Amino acid sequence: MTLAWSKSDESKHPQARDIKRNCGQLLGRLDEMLPCLYIAQYGASGRSMRTRITDTARGLFAVGARTGGDRPGVATRVGLLLPLSLCCDEEARAALLEIPALINGTTGATMSDKRRAVQARLDRAFGGDLRVADKESLDGFFALTPSASLFQRLHDSFDYVTEVVDNPAGVVRVAGTEHFRWRSYGELMEWYHGLHGSDRFGAWSALTPFFVCGNTGALPSYNTKRWASAGLSRPADEPAKWFVLRPGLLDAQLGVRFEMEEYGWAKLHLSLDDATVTIHLSDVFDPFPELLVWGREIGEGDLPVEMEIDEEGQEAVLTVLRTDVPQRVLLRVTRKYENTTLLEGIVSRVTLAAALKDELIRFFTTEFDPQHWDVGRDPEPEGDYIQVKDLALSDPWLASSS
């Protein structure tokens with residue numbers, strides 16, 4: 001017999017939660033860092049956006065500029081953020097802090113008037129070493145043209161952000177800074193491209209200074225949405241309000257097994273009695289961070305809870321719901337966008353959490369192969385993927401005693 005009731009179709013909104021990061025795309029509001037100088041490359045790779053923690057590229061944050069016209073969107077950049085609040089040259093800082101008001105609040109001024117006024121403040125701050133780039137619209141996120149002497153000035157007066165606490169539903173908080181250590185454009189380019197290498201034509205992409213006081217945005221993607229919502233949701237289903245378990249109904253015999261495959265794939269086999277469903281796990285849409293949180297929520301009894309696994313073409317939804325007996329839950333696996341239930345049954349909440357925890361520990365200890373989980377196929381592996389095994393095994397939920 002299939003147990004079925006309505007499912008919530010509400011869209012997922014970013015959850016207010018702290019995400020510690022020292023690189024990657026920023027998901028929260030940048031109020032604490034604006035206005036700032038941003039020295040960045042046009043465009044950002046998927047890896048530059050999805051990485052959260054790195055030992056080599058600390059401070060390389062991806063920030064998008066909103067674009068207008070017939071096809072509005074977000075154009076990404078990746079680089080170093082130099083908040084004006086961290087400038088130790090009081091005269092330069094005061095001049096630069098006048099720029100946002102010139103852009104946003106000068107009534108009746110023409111674009112030429114604004115450009116001249118903004119350039120005058122840049123000249124006060126940098127003595128002619130930084131100019132508004134040609135054809136820039138001064139929309140709150142605009143490019144600048146540096147002279148060879150600019151980077152010595154930045155070295156003398158600025159710090160840059162190396163660590164933040166991100167919050168998809170709130171403000172990005174600065175958690176760490178370092179002195180801007182590069183004295184020339186060449187030094188900065190050597191450091192940056194020593195990490196990122198050349199482009200596909202063998203050339204080094206330019207790093208461009210931007211003045212940023214607004215007009216920022218994040219580029220929607222599975223990875224950013226995943227970290228905005230933690231991949232989890234609270235389904236509206238509450239069967240305990242309407243149903244009671246049949247007297248004498250036994251818990252289903254539960255099985256949980258992970259299987260490592262090749263070329264960025266693994267499998268999750270879930271079974272209840274004689275029924276088994278296999279979910280394909282892809283390193284493109286790495287589900288392990290969510291699985292850890294999902295399991296912890298189950299173990300703590302923080303229900304109902306639901307997560308999605310993208311199998312590159314279809315999505316499986318794993319749901320755990322309360323019943324009228326607190327220690328027993330309904331485990332359901334469905335196919336998203338389809339009226340298809342793949343697996344469903346009553347199990348012990350504690351047994352489900354313990355089985356998932358034990359199998360994750362076994363899998364990452366004895367079977368997981370990082371050479372087949374993106375790292376082996378990435379010429380410059382870094383960030384999440386090179387650390388996925390260690391991050392999993394050091395997770396507080398897995399590290400705690402059962």
# chains A, B, ... in the order shown; residues from 1 in each chain; ligands from 1
$ residues_around --residues "A:Gly170" --least-positions-apart "3" --cutoff "8 Å" --atoms "only C-alpha atoms" --output "list in words"
Ala16, Gly28, Arg29, Asp166 and Asn167 of chain A
$ select_by_dssp --residues "stretch 187-349 of chain A" --states "helix (DSSP H, G or I)" --output "VMD selection string"
chain A and resid 187 to 196 222 to 229 239 to 241 283 to 285 288 to 300 349
$ select_by_dssp --residues "stretch 19-153 of chain A" --states "strand (DSSP E or B)" --output "number ranges by chain"
A: 19-21, 24-25, 29, 36-42, 61-67, 73-83, 130-132, 141-146
$ write_last_selection --atoms "N, CA, C and O atoms" --output "compact mmCIF listing (two decimals), in the first residue's frame"
# COMPACT_ATOMS: atom_id res chain seq x y z
N ILE A 19 28.06 30.77 6.47
CA ILE A 19 28.93 29.95 5.64
C ILE A 19 30.32 30.59 5.68
O ILE A 19 30.54 31.66 5.12
N LYS A 20 31.24 29.95 6.35
CA LYS A 20 32.60 30.48 6.42
C LYS A 20 33.31 30.16 5.11
O LYS A 20 33.31 29.03 4.64
N ARG A 21 33.92 31.17 4.50
CA ARG A 21 34.62 30.95 3.24
C ARG A 21 35.79 31.91 3.12
O ARG A 21 35.79 33.01 3.69
N GLY A 24 35.57 32.01 -3.52
CA GLY A 24 34.32 31.59 -4.13
C GLY A 24 33.30 32.71 -4.24
O GLY A 24 33.55 33.86 -3.87
N GLN A 25 32.12 32.36 -4.77
CA GLN A 25 31.08 33.36 -4.99
C GLN A 25 30.41 33.75 -3.67
O GLN A 25 30.02 32.88 -2.88
N ARG A 29 24.51 39.89 1.02
CA ARG A 29 24.66 41.30 0.66
C ARG A 29 26.04 41.80 1.08
O ARG A 29 26.58 41.40 2.11
N CYS A 36 34.09 49.70 -2.40
CA CYS A 36 35.39 49.04 -2.40
C CYS A 36 36.03 49.17 -3.78
O CYS A 36 35.37 49.48 -4.77
N LEU A 37 37.33 48.90 -3.81
CA LEU A 37 38.03 48.64 -5.06
C LEU A 37 38.06 47.12 -5.22
O LEU A 37 38.22 46.39 -4.24
N TYR A 38 37.90 46.67 -6.43
CA TYR A 38 37.83 45.24 -6.72
C TYR A 38 38.75 44.99 -7.90
O TYR A 38 38.50 45.48 -9.00
N ILE A 39 39.83 44.27 -7.69
CA ILE A 39 40.80 44.00 -8.75
C ILE A 39 40.56 42.58 -9.23
O ILE A 39 40.85 41.62 -8.51
N ALA A 40 40.00 42.45 -10.43
CA ALA A 40 39.43 41.17 -10.80
C ALA A 40 39.57 40.89 -12.29
O ALA A 40 39.78 41.78 -13.10
N GLN A 41 39.44 39.62 -12.61
CA GLN A 41 39.39 39.16 -13.98
C GLN A 41 37.94 39.11 -14.44
O GLN A 41 37.05 38.70 -13.69
N TYR A 42 37.70 39.56 -15.67
CA TYR A 42 36.37 39.40 -16.24
C TYR A 42 36.07 37.91 -16.39
O TYR A 42 36.89 37.14 -16.92
N PHE A 61 37.54 36.22 -4.42
CA PHE A 61 36.09 36.11 -4.32
C PHE A 61 35.43 36.46 -5.64
O PHE A 61 35.86 37.39 -6.34
N ALA A 62 34.37 35.73 -5.98
CA ALA A 62 33.60 36.01 -7.19
C ALA A 62 32.43 36.92 -6.84
O ALA A 62 31.65 36.62 -5.93
N VAL A 63 32.34 38.04 -7.55
CA VAL A 63 31.25 39.00 -7.38
C VAL A 63 30.70 39.32 -8.76
O VAL A 63 31.47 39.57 -9.69
N GLY A 64 29.39 39.33 -8.91
CA GLY A 64 28.79 39.61 -10.20
C GLY A 64 28.35 41.06 -10.32
O GLY A 64 27.95 41.69 -9.34
N ALA A 65 28.40 41.57 -11.54
CA ALA A 65 27.88 42.90 -11.85
C ALA A 65 26.58 42.73 -12.63
O ALA A 65 26.54 42.00 -13.62
N ARG A 66 25.53 43.38 -12.16
CA ARG A 66 24.26 43.28 -12.86
C ARG A 66 24.33 44.03 -14.19
O ARG A 66 24.85 45.14 -14.26
N THR A 67 23.79 43.41 -15.23
CA THR A 67 23.80 44.00 -16.56
C THR A 67 22.38 44.36 -16.96
O THR A 67 21.42 43.69 -16.57
N GLY A 73 21.07 40.45 -16.70
CA GLY A 73 21.63 39.28 -16.05
C GLY A 73 22.73 39.67 -15.11
O GLY A 73 22.77 40.80 -14.59
N VAL A 74 23.67 38.76 -14.89
CA VAL A 74 24.80 38.99 -14.00
C VAL A 74 26.07 38.57 -14.73
O VAL A 74 26.16 37.44 -15.23
N ALA A 75 27.05 39.47 -14.80
CA ALA A 75 28.35 39.18 -15.39
C ALA A 75 29.35 38.98 -14.26
O ALA A 75 29.55 39.87 -13.44
N THR A 76 29.95 37.82 -14.22
CA THR A 76 30.81 37.47 -13.08
C THR A 76 32.24 37.97 -13.28
O THR A 76 32.74 38.12 -14.38
N ARG A 77 32.89 38.24 -12.14
CA ARG A 77 34.31 38.52 -12.07
C ARG A 77 34.86 37.74 -10.88
O ARG A 77 34.11 37.33 -9.99
N VAL A 78 36.18 37.55 -10.84
CA VAL A 78 36.81 36.93 -9.68
C VAL A 78 38.10 37.68 -9.38
O VAL A 78 38.89 37.96 -10.28
N GLY A 79 38.28 38.06 -8.10
CA GLY A 79 39.47 38.83 -7.75
C GLY A 79 39.50 39.23 -6.29
O GLY A 79 38.85 38.60 -5.44
N LEU A 80 40.24 40.29 -5.99
CA LEU A 80 40.50 40.75 -4.63
C LEU A 80 39.63 41.95 -4.28
O LEU A 80 39.52 42.89 -5.07
N LEU A 81 39.05 41.93 -3.08
CA LEU A 81 38.20 43.01 -2.60
C LEU A 81 38.98 43.89 -1.62
O LEU A 81 39.51 43.38 -0.62
N LEU A 82 39.03 45.20 -1.91
CA LEU A 82 39.74 46.16 -1.07
C LEU A 82 38.74 47.20 -0.55
O LEU A 82 38.53 48.24 -1.18
N PRO A 83 38.06 46.93 0.55
CA PRO A 83 37.08 47.89 1.07
C PRO A 83 37.74 49.23 1.40
O PRO A 83 38.85 49.26 1.95
N LEU A 130 44.85 56.43 -11.44
CA LEU A 130 43.68 55.61 -11.68
C LEU A 130 42.62 56.47 -12.36
O LEU A 130 42.24 57.52 -11.86
N ARG A 131 42.15 55.99 -13.52
CA ARG A 131 41.21 56.77 -14.29
C ARG A 131 39.98 55.94 -14.63
O ARG A 131 40.06 54.71 -14.75
N VAL A 132 38.83 56.63 -14.78
CA VAL A 132 37.62 55.93 -15.22
C VAL A 132 37.84 55.42 -16.63
O VAL A 132 38.28 56.16 -17.52
N PHE A 141 29.18 49.87 -10.52
CA PHE A 141 30.17 48.78 -10.68
C PHE A 141 30.86 49.05 -12.00
O PHE A 141 30.45 48.58 -13.04
N PHE A 142 31.92 49.88 -11.96
CA PHE A 142 32.51 50.32 -13.21
C PHE A 142 34.02 50.13 -13.21
O PHE A 142 34.68 50.14 -12.17
N ALA A 143 34.56 49.93 -14.41
CA ALA A 143 35.97 49.62 -14.59
C ALA A 143 36.83 50.87 -14.57
O ALA A 143 36.39 51.97 -14.93
N LEU A 144 38.07 50.69 -14.15
CA LEU A 144 39.05 51.76 -14.07
C LEU A 144 40.31 51.36 -14.83
O LEU A 144 40.59 50.17 -15.02
N THR A 145 41.07 52.35 -15.24
CA THR A 145 42.32 52.10 -15.95
C THR A 145 43.48 52.53 -15.06
O THR A 145 43.59 53.72 -14.71
N PRO A 146 44.36 51.60 -14.66
CA PRO A 146 45.46 51.95 -13.74
C PRO A 146 46.72 52.38 -14.47
O PRO A 146 46.96 52.00 -15.62
$ residues_around --residues "A:Asn104" --least-positions-apart "6" --cutoff "10 Å" --atoms "only C-alpha atoms" --output "list in words"
Lys114, Leu138, Asp139, Gly140 and Cys213 of chain A
$ write_last_selection --atoms "all heavy atoms" --output "mmCIF file, in the first residue's frame"
data_model
loop_
_atom_site.group_PDB
_atom_site.id
_atom_site.type_symbol
_atom_site.label_atom_id
_atom_site.label_comp_id
_atom_site.auth_asym_id
_atom_site.auth_seq_id
_atom_site.Cartn_x
_atom_site.Cartn_y
_atom_site.Cartn_z
ATOM 1 N N LYS A 114 29.284 63.890 -14.331
ATOM 2 C CA LYS A 114 29.572 62.862 -13.323
ATOM 3 C C LYS A 114 30.962 62.280 -13.518
ATOM 4 O O LYS A 114 31.699 62.061 -12.544
ATOM 5 C CB LYS A 114 28.520 61.750 -13.394
ATOM 6 C CG LYS A 114 27.135 62.156 -12.902
ATOM 7 C CD LYS A 114 26.200 60.958 -12.894
ATOM 8 C CE LYS A 114 24.829 61.326 -12.356
ATOM 9 N NZ LYS A 114 23.912 60.173 -12.289
ATOM 10 N N LEU A 138 29.203 54.328 -15.139
ATOM 11 C CA LEU A 138 29.156 54.776 -13.739
ATOM 12 C C LEU A 138 27.858 54.312 -13.057
ATOM 13 O O LEU A 138 27.128 55.091 -12.455
ATOM 14 C CB LEU A 138 29.267 56.307 -13.653
ATOM 15 C CG LEU A 138 30.505 56.945 -14.281
ATOM 16 C CD1 LEU A 138 30.518 58.449 -14.009
ATOM 17 C CD2 LEU A 138 31.778 56.304 -13.783
ATOM 18 N N ASP A 139 27.601 53.015 -13.150
ATOM 19 C CA ASP A 139 26.358 52.468 -12.617
ATOM 20 C C ASP A 139 26.517 51.845 -11.233
ATOM 21 O O ASP A 139 25.625 51.145 -10.759
ATOM 22 C CB ASP A 139 25.802 51.416 -13.574
ATOM 23 C CG ASP A 139 26.806 50.289 -13.828
ATOM 24 O OD1 ASP A 139 27.913 50.325 -13.265
ATOM 25 O OD2 ASP A 139 26.466 49.367 -14.599
ATOM 26 N N GLY A 140 27.623 52.083 -10.578
ATOM 27 C CA GLY A 140 27.860 51.485 -9.270
ATOM 28 C C GLY A 140 28.844 50.340 -9.309
ATOM 29 O O GLY A 140 29.291 49.856 -8.255
ATOM 30 N N CYS A 213 30.186 50.208 -5.682
ATOM 31 C CA CYS A 213 29.391 50.764 -4.588
ATOM 32 C C CYS A 213 27.943 50.275 -4.663
ATOM 33 O O CYS A 213 27.072 50.766 -3.950
ATOM 34 C CB CYS A 213 29.452 52.283 -4.570
ATOM 35 S SG CYS A 213 28.859 53.079 -6.082
#
$ closest_residue --among "A:Trp397, A:Thr323, A:Thr216, A:His372" --to "A:Ser282" --atoms "only C-alpha atoms"
A:His372
$ residues_around --residues "stretch 149-157 of chain A" --least-positions-apart "6" --cutoff "8 Å" --atoms "only C-alpha atoms" --output "ChimeraX atom specification"
/A:87-89,126,129-130,179-185
$ residues_around --residues "A:Ala101" --least-positions-apart "4" --cutoff "10 Å" --atoms "only C-alpha atoms" --output "ChimeraX atom specification"
/A:97,105-106,118,213
$ closest_residue --among "A:Leu321, A:Leu84, A:Val284, A:Met260" --to "A:Gln371" --atoms "only C-alpha atoms"
A:Met260
$ residues_around --residues "A:Arg173" --least-positions-apart "3" --cutoff "9 Å" --atoms "only C-alpha atoms" --output "ChimeraX atom specification"
/A:30-33,163-167
$ closest_residue --among "A:Gly255, A:Gly301, A:Gly264, A:Pro235" --to "A:Phe285" --atoms "only C-alpha atoms"
A:Gly264
$ residues_around --residues "A:Leu292" --least-positions-apart "3" --cutoff "10 Å" --atoms "only C-alpha atoms" --output "list in words"
Pro287, Phe288, Pro289, Gly295, Arg296, Glu297, Leu356, Lys357, Leu360, Ala392, Asp395, Pro396, Trp397 and Leu398 of chain A
$ write_last_selection --atoms "C-alpha atoms" --output "compact mmCIF listing (two decimals), in the first residue's frame"
# COMPACT_ATOMS: atom_id res chain seq x y z
CA PRO A 287 25.28 15.60 -2.62
CA PHE A 288 27.53 14.66 0.30
CA PRO A 289 27.36 18.02 2.14
CA GLY A 295 21.43 12.69 8.49
CA ARG A 296 22.21 14.99 11.40
CA GLU A 297 18.71 16.48 11.28
CA LEU A 356 23.42 6.41 7.31
CA LYS A 357 26.20 7.57 9.64
CA LEU A 360 29.14 7.19 5.34
CA ALA A 392 33.17 14.37 5.55
CA ASP A 395 32.08 16.53 10.18
CA PRO A 396 30.90 16.87 13.80
CA TRP A 397 27.97 14.53 13.23
CA LEU A 398 30.15 11.71 11.81
$ atom_distance --atom1 "atom CA of A:Asp123" --atom2 "atom CA of A:Phe211"
13.8 Å
$ closest_atom_pairs --of "stretch 250-286 of chain A" --to "stretch 329-334 of chain A" --cutoff "12 Å" --atoms "only C-alpha atoms" --output "Markdown table"
| residue | atom | partner | partner_atom | distance |
| --- | --- | --- | --- | --- |
| A:Leu250 | CA | A:Val329 | CA | 11.9 |
| A:Asp251 | CA | A:Val329 | CA | 9.3 |
| A:Ala252 | CA | A:Leu331 | CA | 9.9 |
| A:Gln253 | CA | A:Leu331 | CA | 11.9 |
| A:Leu254 | CA | A:Leu331 | CA | 10.0 |
| A:Gly255 | CA | A:Leu331 | CA | 12.0 |
| A:Leu268 | CA | A:Val333 | CA | 11.9 |
| A:His269 | CA | A:Val333 | CA | 11.4 |
| A:Leu270 | CA | A:Val333 | CA | 9.1 |
| A:Ser271 | CA | A:Val333 | CA | 10.4 |
| A:Leu272 | CA | A:Leu331 | CA | 9.2 |
| A:Ala275 | CA | A:Val333 | CA | 11.7 |
| A:Thr276 | CA | A:Val333 | CA | 10.5 |
| A:Val277 | CA | A:Val333 | CA | 8.3 |
| A:Thr278 | CA | A:Val333 | CA | 10.3 |
| A:Ile279 | CA | A:Val333 | CA | 9.7 |
$ closest_residue --among "A:Asp369, A:Asp302, A:Ala240, A:Ala117" --to "A:Trp265" --atoms "only C-alpha atoms"
A:Asp369
$ atom_distance --atom1 "atom CA of A:Met307" --atom2 "atom CA of A:Leu232"
4.6 Å
$ closest_residue --among "A:Leu102, A:Val171, A:Ala148, A:Leu96" --to "A:Leu27" --atoms "only C-alpha atoms"
A:Val171
